[in-house]
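To be precise, the following lines are final.txt, and they hold compact mmCIF, C-alpha atoms.
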```
# COMPACT_ATOMS: atom_id res chain seq x y z
CA MET A 1 155.77 135.70 85.90
CA SER A 2 157.55 133.81 83.19
CA ASN A 3 158.43 130.17 83.42
CA PRO A 4 162.22 129.80 83.66
CA ALA A 5 162.07 126.75 81.44
CA HIS A 6 160.56 128.84 78.64
CA ASP A 7 163.22 131.55 78.73
CA HIS A 8 165.88 129.67 76.82
CA ASP A 9 166.31 132.29 74.13
CA GLN A 10 166.81 134.93 76.79
CA TRP A 11 169.40 133.00 78.78
CA ALA A 12 171.20 130.73 76.31
CA ASP A 13 173.94 133.24 75.50
CA SER A 14 174.75 133.73 79.19
CA LEU A 15 176.07 130.21 79.71
CA GLY A 16 179.69 131.02 78.88
CA ALA A 17 179.75 134.06 81.15
CA TRP A 18 178.15 132.04 83.94
CA LEU A 19 180.73 129.27 83.67
CA LEU A 20 183.50 131.87 83.83
CA GLY A 21 181.98 133.54 86.90
CA ALA A 22 181.41 136.71 84.86
CA LEU A 23 177.70 137.28 85.37
CA PRO A 24 176.73 140.03 87.80
CA GLU A 25 174.99 138.48 90.78
CA ASP A 26 171.45 139.41 89.83
CA GLU A 27 171.93 137.90 86.39
CA ALA A 28 173.61 134.85 87.88
CA ASP A 29 170.58 134.26 90.08
CA GLY A 30 168.31 134.48 87.06
CA PHE A 31 170.50 132.17 85.07
CA ARG A 32 170.62 129.60 87.85
CA ALA A 33 166.83 129.62 88.03
CA HIS A 34 166.66 129.06 84.29
CA LEU A 35 169.35 126.38 84.39
CA ALA A 36 167.47 124.42 87.01
CA ALA A 37 164.51 124.17 84.67
CA CYS A 38 166.16 123.96 81.23
CA GLN A 39 167.49 120.59 80.13
CA VAL A 40 169.18 122.05 77.05
CA CYS A 41 171.23 124.46 79.15
CA GLN A 42 172.00 121.72 81.68
CA GLU A 43 173.46 119.58 78.93
CA ASP A 44 175.36 122.50 77.44
CA ALA A 45 176.73 123.45 80.84
CA ALA A 46 177.88 119.91 81.52
CA SER A 47 179.55 119.82 78.14
CA LEU A 48 181.40 123.12 78.56
CA GLN A 49 182.29 122.68 82.22
CA MET A 50 185.39 120.71 81.30
CA ALA A 51 186.79 123.72 79.46
CA ALA A 52 186.12 126.03 82.39
CA ASP A 53 187.64 123.48 84.78
CA ALA A 54 190.82 123.35 82.70
CA LEU A 55 191.43 127.09 82.85
CA PRO A 56 193.08 127.24 86.29
CA MET A 57 195.59 124.64 85.17
CA SER A 58 196.83 127.02 82.49
CA ALA A 59 198.39 129.28 85.12
CA ALA A 60 202.16 129.27 85.03
CA PRO A 61 203.35 126.90 87.76
CA ARG A 62 204.60 128.55 90.91
CA VAL A 63 205.83 126.95 94.08
CA PRO A 64 204.10 128.22 97.23
CA PRO A 65 206.51 129.33 99.95
CA PRO A 66 207.03 126.76 102.72
CA ALA A 67 206.01 129.37 105.30
CA LEU A 68 202.51 129.36 103.83
CA LYS A 69 202.10 125.69 104.60
CA ASP A 70 203.56 126.22 108.05
CA ARG A 71 200.96 128.89 108.83
CA ILE A 72 198.06 126.87 107.50
CA MET A 73 199.12 123.67 109.25
CA ALA A 74 199.65 125.51 112.54
CA THR A 75 196.02 126.60 112.46
CA VAL A 76 194.79 123.21 111.28
CA GLU A 77 196.69 121.31 113.94
CA SER A 78 195.52 123.72 116.62
CA GLU A 79 191.91 123.26 115.60
CA ALA A 80 192.34 119.51 115.24
CA SER A 81 193.56 119.44 118.83
CA LEU A 82 190.52 121.41 119.94
CA LEU A 83 188.25 118.99 118.16
CA THR A 84 189.98 116.05 119.78
CA ALA A 85 189.70 117.69 123.19
CA ALA A 86 186.01 118.30 122.60
CA GLY A 87 185.48 114.58 122.14
CA PRO A 88 184.10 112.35 119.41
CA GLU A 89 180.77 114.17 119.22
CA ALA A 90 182.61 117.25 118.04
CA ASP A 91 184.89 115.35 115.69
CA ARG A 92 184.01 117.46 112.66
CA PRO A 93 180.48 116.18 112.14
CA SER A 94 178.17 117.64 109.56
CA PRO A 95 177.10 121.22 110.34
CA ARG A 96 173.60 120.12 111.36
CA ARG A 97 175.05 117.84 114.06
CA ARG A 98 177.64 120.22 115.38
CA ARG A 99 175.34 122.19 117.59
CA SER A 100 174.13 119.14 119.51
CA TRP A 101 177.10 118.72 121.86
CA LEU A 102 176.20 121.97 123.55
CA GLY A 103 172.50 121.72 122.97
CA GLY A 104 169.76 121.84 125.58
CA LEU A 105 171.57 124.28 127.82
CA SER A 106 170.31 127.32 129.63
CA LEU A 107 172.01 130.66 129.11
CA ARG A 108 172.41 133.67 131.31
CA PRO A 109 169.53 136.02 130.49
CA ALA A 110 171.45 139.19 131.28
CA LEU A 111 174.23 138.38 128.89
CA ALA A 112 171.73 137.22 126.34
CA LEU A 113 169.96 140.54 126.54
CA GLY A 114 173.27 142.30 126.12
CA LEU A 115 174.07 140.31 123.02
CA ALA A 116 170.62 140.93 121.63
CA ALA A 117 171.02 144.65 122.26
CA LEU A 118 174.31 144.60 120.37
CA ALA A 119 172.62 142.84 117.50
CA ILE A 120 169.73 145.29 117.40
CA GLY A 121 172.09 148.24 117.61
CA PHE A 122 174.17 146.97 114.75
CA VAL A 123 174.04 148.90 111.52
CA GLY A 124 175.98 146.97 108.91
CA ALA A 125 176.63 147.13 105.23
CA GLN A 126 175.24 144.35 103.08
CA ALA A 127 176.35 143.47 99.60
CA LEU A 128 175.85 140.68 97.14
CA GLN A 129 179.09 139.39 95.72
CA GLY A 130 179.78 136.26 93.70
CA GLY A 131 176.59 134.50 94.80
CA THR A 132 177.21 135.40 98.41
CA GLU A 133 175.51 138.00 100.58
CA THR A 134 178.16 139.75 102.62
CA ILE A 135 177.23 141.43 105.89
CA THR A 136 179.73 143.64 107.66
CA ALA A 137 179.98 142.70 111.32
CA GLN A 138 180.36 145.02 114.27
CA VAL A 139 183.79 144.26 115.72
CA THR A 140 184.50 145.43 119.22
CA GLY A 141 188.17 144.68 119.82
CA GLY A 142 189.88 145.63 116.57
CA GLY A 143 190.09 144.13 113.14
CA ARG A 144 187.21 143.62 110.75
CA ALA A 145 184.86 140.81 109.91
CA THR A 146 182.04 139.88 107.59
CA LEU A 147 179.36 137.24 107.60
CA GLU A 148 179.10 135.63 104.18
CA ILE A 149 175.77 133.96 103.50
CA GLU A 150 175.25 131.57 100.62
CA ASP A 151 171.91 129.81 100.43
CA ASP A 152 171.13 129.30 104.11
CA ARG A 153 174.73 128.79 105.21
CA GLY A 154 176.93 131.35 106.89
CA ARG A 155 180.66 131.85 107.13
CA ILE A 156 182.53 134.35 109.26
CA VAL A 157 185.54 135.90 107.55
CA ALA A 158 187.73 137.94 109.86
CA ARG A 159 190.91 139.90 109.31
CA ASP A 160 193.31 141.58 111.73
CA LEU A 161 191.32 140.17 114.60
CA PRO A 162 193.24 140.02 117.88
CA ALA A 163 194.08 136.53 119.10
CA PRO A 164 191.83 135.24 121.88
CA PRO A 165 193.25 135.64 125.39
CA GLU A 166 195.77 133.00 126.39
CA GLY A 167 194.08 129.68 127.15
CA ARG A 168 190.84 130.66 125.46
CA VAL A 169 189.31 130.27 122.00
CA TYR A 170 186.64 132.06 120.07
CA GLN A 171 183.17 130.53 120.00
CA VAL A 172 180.30 131.26 117.62
CA TRP A 173 176.77 131.87 118.94
CA ILE A 174 173.50 132.34 117.10
CA ASP A 175 170.55 134.49 118.11
CA ARG A 176 167.11 133.38 116.98
CA GLY A 177 165.30 136.06 118.93
CA GLY A 178 164.75 133.80 121.89
CA PRO A 179 165.61 134.60 125.48
CA ALA A 180 169.22 133.60 124.99
CA PRO A 181 171.68 133.01 122.16
CA GLU A 182 172.35 129.40 121.24
CA PRO A 183 175.86 127.99 121.55
CA THR A 184 177.51 126.22 118.62
CA ASP A 185 180.56 124.01 118.54
CA ALA A 186 182.28 126.32 116.10
CA LEU A 187 185.47 127.07 118.02
CA PHE A 188 188.38 128.83 116.43
CA SER A 189 191.45 130.92 116.80
CA VAL A 190 193.08 133.25 114.28
CA SER A 191 196.20 132.98 112.17
CA GLY A 192 199.31 134.95 112.98
CA GLU A 193 197.96 137.70 110.76
CA GLY A 194 194.65 137.76 112.59
CA SER A 195 192.61 136.10 109.88
CA ALA A 196 189.99 133.43 110.37
CA HIS A 197 187.44 131.69 108.21
CA VAL A 198 184.75 129.87 110.15
CA ASP A 199 181.57 128.16 109.02
CA VAL A 200 178.53 128.88 111.17
CA PRO A 201 177.04 125.46 111.96
CA GLY A 202 173.59 124.73 110.64
CA SER A 203 171.08 126.74 108.70
CA LEU A 204 170.73 130.49 109.17
CA ASP A 205 167.00 130.32 108.57
CA GLY A 206 165.35 132.23 111.41
CA VAL A 207 168.67 133.47 112.78
CA ARG A 208 168.73 137.16 113.67
CA ALA A 209 172.38 137.54 114.49
CA VAL A 210 175.64 135.65 114.69
CA MET A 211 178.04 136.50 117.49
CA VAL A 212 181.50 135.51 118.68
CA THR A 213 182.86 135.54 122.22
CA ASP A 214 186.08 134.27 123.76
CA GLU A 215 185.61 131.11 125.81
CA PRO A 216 187.54 128.24 127.42
CA PRO A 217 189.12 125.74 125.00
CA ARG A 218 186.14 123.36 125.00
CA GLY A 219 183.64 126.15 124.53
CA SER A 220 180.91 127.21 126.92
CA ASP A 221 177.27 126.41 127.50
CA SER A 222 176.60 130.10 127.98
CA PRO A 223 178.79 133.08 127.06
CA THR A 224 181.47 133.88 129.62
CA GLY A 225 183.79 136.14 127.66
CA ASP A 226 183.70 139.39 125.79
CA VAL A 227 181.70 139.76 122.61
CA VAL A 228 184.25 140.04 119.81
CA LEU A 229 181.93 140.54 116.88
CA THR A 230 178.26 140.63 116.00
CA ALA A 231 176.68 140.30 112.57
CA SER A 232 172.97 140.89 112.18
CA THR A 233 171.30 138.87 109.46
CA MET B 1 200.61 103.76 114.06
CA PRO B 2 199.49 100.15 113.42
CA GLY B 3 196.69 99.99 110.92
CA ALA B 4 197.05 103.63 109.94
CA PRO B 5 196.56 104.11 106.22
CA ASP B 6 199.43 105.28 104.04
CA LEU B 7 197.96 108.66 103.19
CA ARG B 8 200.13 109.03 100.12
CA SER B 9 198.44 105.99 98.60
CA LEU B 10 194.92 107.25 99.16
CA ALA B 11 192.85 108.90 96.46
CA ASP B 12 191.85 112.50 96.99
CA GLU B 13 188.27 111.53 97.62
CA ASP B 14 189.32 109.12 100.37
CA LEU B 15 191.53 111.77 101.93
CA MET B 16 188.56 114.12 102.03
CA GLN B 17 186.63 111.53 104.03
CA LEU B 18 189.40 111.71 106.63
CA VAL B 19 189.55 115.52 106.49
CA ARG B 20 185.83 115.58 107.20
CA ARG B 21 186.59 113.74 110.44
CA GLY B 22 189.25 116.24 111.43
CA ASP B 23 192.37 114.36 110.31
CA ALA B 24 195.08 117.01 110.04
CA ARG B 25 197.53 114.67 108.33
CA ALA B 26 195.00 113.86 105.62
CA PHE B 27 194.46 117.57 105.15
CA GLU B 28 198.21 118.04 104.84
CA ALA B 29 198.28 115.40 102.10
CA VAL B 30 195.52 117.24 100.24
CA TYR B 31 197.45 120.49 100.65
CA ASP B 32 200.67 118.94 99.37
CA ARG B 33 198.92 117.66 96.26
CA HIS B 34 197.05 120.80 95.31
CA ALA B 35 198.77 123.80 96.91
CA GLY B 36 201.03 124.29 93.90
CA ALA B 37 198.16 124.56 91.46
CA ALA B 38 196.19 126.63 93.93
CA PHE B 39 199.02 129.09 94.48
CA SER B 40 199.68 129.29 90.75
CA VAL B 41 196.13 130.24 89.86
CA ALA B 42 195.87 132.64 92.80
CA TYR B 43 199.10 134.35 91.78
CA ARG B 44 197.96 134.51 88.18
CA MET B 45 194.78 136.24 89.30
CA VAL B 46 196.00 138.65 91.96
CA GLY B 47 199.53 139.21 90.65
CA ARG B 48 201.22 139.60 94.03
CA GLY B 49 202.80 136.86 96.06
CA ASN B 50 201.66 138.04 99.48
CA VAL B 51 198.08 138.48 98.29
CA ALA B 52 198.15 135.09 96.58
CA GLU B 53 199.33 133.56 99.85
CA ASP B 54 196.42 135.17 101.65
CA VAL B 55 193.97 133.81 99.08
CA VAL B 56 195.40 130.30 99.31
CA GLN B 57 195.43 130.40 103.10
CA GLU B 58 191.80 131.45 103.23
CA ALA B 59 190.84 128.84 100.67
CA PHE B 60 192.57 125.92 102.37
CA LEU B 61 191.36 126.87 105.84
CA SER B 62 187.87 127.03 104.36
CA ILE B 63 188.42 123.56 102.94
CA TRP B 64 189.63 122.30 106.30
CA ARG B 65 186.64 123.75 108.07
CA SER B 66 184.05 122.75 105.49
CA GLY B 67 185.40 119.46 104.20
CA ALA B 68 181.93 118.00 104.54
CA ARG B 69 180.83 120.17 101.65
CA TYR B 70 182.88 118.27 99.10
CA GLU B 71 180.59 116.14 96.99
CA ARG B 72 182.27 113.44 94.97
CA ALA B 73 179.47 113.43 92.40
CA ARG B 74 180.15 117.04 91.47
CA GLY B 75 183.72 116.56 90.28
CA SER B 76 187.27 115.93 91.34
CA VAL B 77 188.82 117.27 94.52
CA ARG B 78 191.24 119.27 92.41
CA THR B 79 188.43 120.98 90.53
CA TRP B 80 186.67 121.66 93.85
CA VAL B 81 189.82 123.08 95.46
CA LEU B 82 190.68 125.28 92.50
CA GLY B 83 187.09 126.48 92.30
CA ILE B 84 187.29 127.64 95.91
CA VAL B 85 190.61 129.37 95.25
CA HIS B 86 189.12 131.04 92.17
CA HIS B 87 186.15 132.38 94.14
CA ARG B 88 188.41 133.64 96.93
CA ALA B 89 190.67 135.36 94.42
CA ILE B 90 187.70 137.01 92.71
CA ASP B 91 186.50 138.24 96.10
CA GLN B 92 189.97 139.60 96.74
CA LEU B 93 190.15 141.29 93.35
CA ARG B 94 186.76 142.90 93.67
CA ARG B 95 187.38 144.35 97.13
CA THR B 96 190.89 145.66 96.68
CA ALA B 97 192.79 148.19 94.68
CA VAL B 98 194.40 145.35 92.75
CA HIS B 99 191.27 145.13 90.68
CA ALA B 100 191.11 148.88 90.26
CA LYS B 101 194.61 148.92 88.86
CA ARG B 102 193.76 146.19 86.43
CA ARG B 103 190.63 147.96 85.44
CA ALA B 104 192.89 150.65 84.02
CA SER B 105 195.31 148.19 82.46
CA ASP B 106 194.79 144.47 82.17
CA GLU B 107 198.43 143.78 81.36
CA GLY B 108 198.91 142.15 84.75
CA ILE B 109 196.86 139.11 83.98
CA GLU B 110 199.20 138.27 81.14
CA GLU B 111 202.06 137.81 83.56
CA ARG B 112 203.63 134.43 83.11
CA VAL B 113 206.67 134.20 85.31
CA GLU B 114 207.31 130.58 85.99
CA ALA B 115 208.73 128.69 88.91
CA PRO B 116 211.93 126.72 88.43
CA GLU B 117 211.43 123.03 87.81
CA ARG B 118 211.97 121.01 90.94
CA THR B 119 210.07 117.76 90.98
CA ASP B 120 208.46 115.35 88.57
CA THR B 121 205.09 116.57 89.79
CA GLU B 122 205.98 120.15 88.97
CA VAL B 123 207.32 119.14 85.58
CA ALA B 124 204.06 117.32 84.85
CA ARG B 125 202.06 120.31 86.02
CA ARG B 126 204.09 122.62 83.82
CA GLU B 127 203.47 120.38 80.84
CA GLU B 128 199.76 120.39 81.58
CA ALA B 129 199.78 124.17 81.89
CA ASP B 130 201.69 124.47 78.62
CA THR B 131 199.16 122.23 76.90
CA ILE B 132 196.16 124.20 78.10
CA ARG B 133 197.84 127.50 77.31
CA SER B 134 198.58 126.17 73.86
CA ALA B 135 194.90 125.37 73.47
CA MET B 136 194.09 128.89 74.65
CA ASP B 137 196.58 130.33 72.20
CA ASN B 138 194.77 128.55 69.39
CA LEU B 139 191.61 130.48 70.12
CA PRO B 140 190.86 133.63 68.18
CA ALA B 141 192.45 136.48 70.11
CA GLU B 142 189.15 138.19 70.86
CA GLN B 143 187.80 134.99 72.43
CA SER B 144 190.86 134.17 74.53
CA HIS B 145 191.00 137.79 75.68
CA VAL B 146 187.49 137.87 77.10
CA ILE B 147 188.00 134.47 78.76
CA GLU B 148 191.24 135.69 80.38
CA LEU B 149 189.62 138.90 81.55
CA ALA B 150 186.64 137.05 82.99
CA TYR B 151 188.30 134.03 84.58
CA PHE B 152 191.66 135.40 85.65
CA GLY B 153 190.78 139.09 85.86
CA GLY B 154 187.56 138.61 87.78
CA PHE B 155 185.68 141.07 85.59
CA THR B 156 181.99 140.75 84.80
CA HIS B 157 180.82 140.67 81.22
CA THR B 158 179.49 144.21 81.52
CA GLU B 159 182.86 145.45 82.78
CA ILE B 160 184.63 143.68 79.93
CA ALA B 161 182.20 145.12 77.41
CA ALA B 162 182.94 148.61 78.73
CA MET B 163 186.70 148.03 78.72
CA LEU B 164 186.70 146.75 75.15
CA GLU B 165 183.96 149.11 73.99
CA THR B 166 182.12 146.10 72.65
CA PRO B 167 178.43 145.17 73.03
CA VAL B 168 177.66 142.91 75.98
CA GLY B 169 176.04 140.38 73.69
CA THR B 170 179.22 140.15 71.64
CA VAL B 171 181.31 139.60 74.77
CA LYS B 172 179.01 136.82 75.97
CA GLY B 173 179.09 135.23 72.54
CA ARG B 174 182.88 135.28 72.49
CA MET B 175 183.00 133.66 75.91
CA ARG B 176 180.78 130.80 74.86
CA LEU B 177 182.44 130.27 71.49
CA GLY B 178 185.83 130.34 73.14
CA LEU B 179 184.83 127.73 75.71
CA GLU B 180 183.37 125.53 72.99
CA LYS B 181 186.56 125.68 70.96
CA LEU B 182 188.70 125.09 74.02
CA ARG B 183 186.58 122.06 74.94
CA ASN B 184 186.87 120.65 71.44
CA HIS B 185 190.62 121.17 71.41
CA LEU B 186 191.08 119.56 74.82
CA ARG B 187 189.03 116.59 73.73
CA THR B 188 191.41 115.98 70.86
CA LEU B 189 194.29 116.04 73.34
CA GLU B 190 192.49 113.77 75.83
CA MET B 191 193.40 116.06 78.71
CA PRO B 192 192.79 114.73 82.22
CA SER B 193 190.44 117.66 82.78
CA ALA B 194 188.40 116.49 79.84
```
Structure translated into structure tokens:
Amino acid sequence: MSNPAHDHDQWADSLGAWLLGALPEDEADGFRAHLAACQVCQEDAASLQMAADALPMSAAPRVPPPALKDRIMATVESEASLLTAAGPEADRPSPRRRRSWLGGLSLRPALALGLAALAIGFVGAQALQGGTETITAQVTGGGRATLEIEDDRGRIVARDLPAPPEGRVYQVWIDRGGPAPEPTDALFSVSGEGSAHVDVPGSLDGVRAVMVTDEPPRGSDSPTGDVVLTAST
Amino acid sequence: MPGAPDLRSLADEDLMQLVRRGDARAFEAVYDRHAGAAFSVAYRMVGRGNVAEDVVQEAFLSIWRSGARYERARGSVRTWVLGIVHHRAIDQLRRTAVHAKRRASDEGIEERVEAPERTDTEVARREEADTIRSAMDNLPAEQSHVIELAYFGGFTHTEIAAMLETPVGTVKGRMRLGLEKLRNHLRTLEMPSA
């Protein structure tokens, strides 16, 4: 196996394409490995980054419609209220801390088994795209969703998902193959168009599946609602 | 509220500290500062207003929900925000028919319909855009073309090579040379991005 630091001649001409996001994912992975070990390319990348960073500012200015801000702020304010209701421990801490406010809780084995069965029965499509592994989730109530994994972090991206029942929110759960899925403090709703973008708290190392159920506004210690989606990692 | 900071006076990086703690008003201030640029680049990439709105909505909700991921040492908030928008737009392009249409004809990414001037901020942003476009226009056409196709079109270097019937190595070389020339030109102009 070659040493990435010694592959400069092979990778040097890929720097421009990498900065522009134009390397196919397998090549991008190889380039990143080389970059991490090659001081020459690190210096070149730092030098050229300013040009790549300037490119988006060349777009002809356009004014976003006010309704766009209204939609975004409606979701933000709704989630901010949920965070406030959940208390200071859930006040948008780092992902590694988020799980703690529901930690140390027992879950209903029957429901856990049901969730695990859903995860095992899931047959999803996986694809690598832009540095992210995308897993198609099984959605039970309409709409579609993917789990995007970058490094060891996961993000649920849903579209056309039905809103949670009145007075309830969606909650993310993770399955590590234990007797029950673990709760997280990732609570969310969907936009008027049914879209949502939710980070899965913590690392996905050792996680077999990520699931979403509908729960009361402060979330639950154990699942009480219907499983909305399941993504097997 | 007594003691509440005037959000308009805070730097982006300080606003992000508040966003990380779930401050919706701080997030709104970040949105107000960068939504215009975000929408502009999204529209430039996807070419349709409703799709651009979707891209910007996804990007800003991602920012709201992952504010802790912003690292001051890795660049400005604006660069971070626009990078997220760029990635979302590329995802959108690569999973929809928009990209397929542009694969057949890349005329769409040349679209430059501008918004009417409204505020000093928008005037300043237009001037900055004009300056960077001028720098792009100074590049040899074959270099600016591959940069446009890659950055705004979301195409990989192999796709661009096939479109232009040009060797991949040549395409990669044009990308790098173009970025080097753009950097050098921006340095002479002392652009904020530089």
Expected answer as an mmCIF file with C-alpha atoms, in the frame of the given file: chain B residues within 6 Å of chain A, only C-alpha atoms:
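File produced: iface-v6.cif:
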```
data_model
loop_
_atom_site.group_PDB
_atom_site.id
_atom_site.type_symbol
_atom_site.label_atom_id
_atom_site.label_comp_id
_atom_site.auth_asym_id
_atom_site.auth_seq_id
_atom_site.Cartn_x
_atom_site.Cartn_y
_atom_site.Cartn_z
ATOM 1 C CA ARG B 21 186.590 113.740 110.440
ATOM 2 C CA GLY B 22 189.250 116.240 111.430
ATOM 3 C CA GLY B 36 201.030 124.290 93.900
ATOM 4 C CA PHE B 39 199.020 129.090 94.480
ATOM 5 C CA SER B 40 199.680 129.290 90.750
ATOM 6 C CA VAL B 41 196.130 130.240 89.860
ATOM 7 C CA ARG B 112 203.630 134.430 83.110
ATOM 8 C CA GLU B 114 207.310 130.580 85.990
ATOM 9 C CA ALA B 115 208.730 128.690 88.910
ATOM 10 C CA ARG B 126 204.090 122.620 83.820
ATOM 11 C CA ALA B 129 199.780 124.170 81.890
ATOM 12 C CA ILE B 132 196.160 124.200 78.100
ATOM 13 C CA ARG B 133 197.840 127.500 77.310
ATOM 14 C CA ALA B 150 186.640 137.050 82.990
ATOM 15 C CA TYR B 151 188.300 134.030 84.580
ATOM 16 C CA THR B 156 181.990 140.750 84.800
ATOM 17 C CA HIS B 157 180.820 140.670 81.220
ATOM 18 C CA LYS B 172 179.010 136.820 75.970
ATOM 19 C CA MET B 175 183.000 133.660 75.910
ATOM 20 C CA ARG B 176 180.780 130.800 74.860
ATOM 21 C CA LEU B 179 184.830 127.730 75.710
ATOM 22 C CA LEU B 182 188.700 125.090 74.020
ATOM 23 C CA ARG B 183 186.580 122.060 74.940
ATOM 24 C CA SER B 193 190.440 117.660 82.780
ATOM 25 C CA ALA B 194 188.400 116.490 79.840
#
```
Practice item. Have a look at CA of Leu149 in chain B and CA of Thr134 in chain A and let me know their distance in Å, one decimal. Key: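 Calculated distance between CA of Leu149 in chain B and CA of Thr134 in chain A is 24.0 Å.
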Revision key, fill the gap. CA of Asp152 in chain A to CA of Arg88 in chain B measures 19.2 Å
Exercise for review: Would you list the contacts of Pro165 in chain A as a ChimeraX atom specification, taking every protein, DNA or RNA residue within 12 Å and counting only C-alpha atoms, but skipping same-chain residues closer than 5 positions in sequence?
Suggested key: /A:141,170,189-190,213-217,225-226,228
Exercise for review: Grab the CA of Ile156 in chain A to CA of Glu13 in chain B distance for me, in Å with one decimal place.
Suggested key: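 Going from CA of Ile156 in chain A over to CA of Glu13 in chain B covers 26.3 Å.
Residues within 8 Å of Tyr70 in chain B, counting all atoms listed in the file and excluding same-chain residues fewer than 5 positions away, are Met16, Val77 and Trp80 of chain B.
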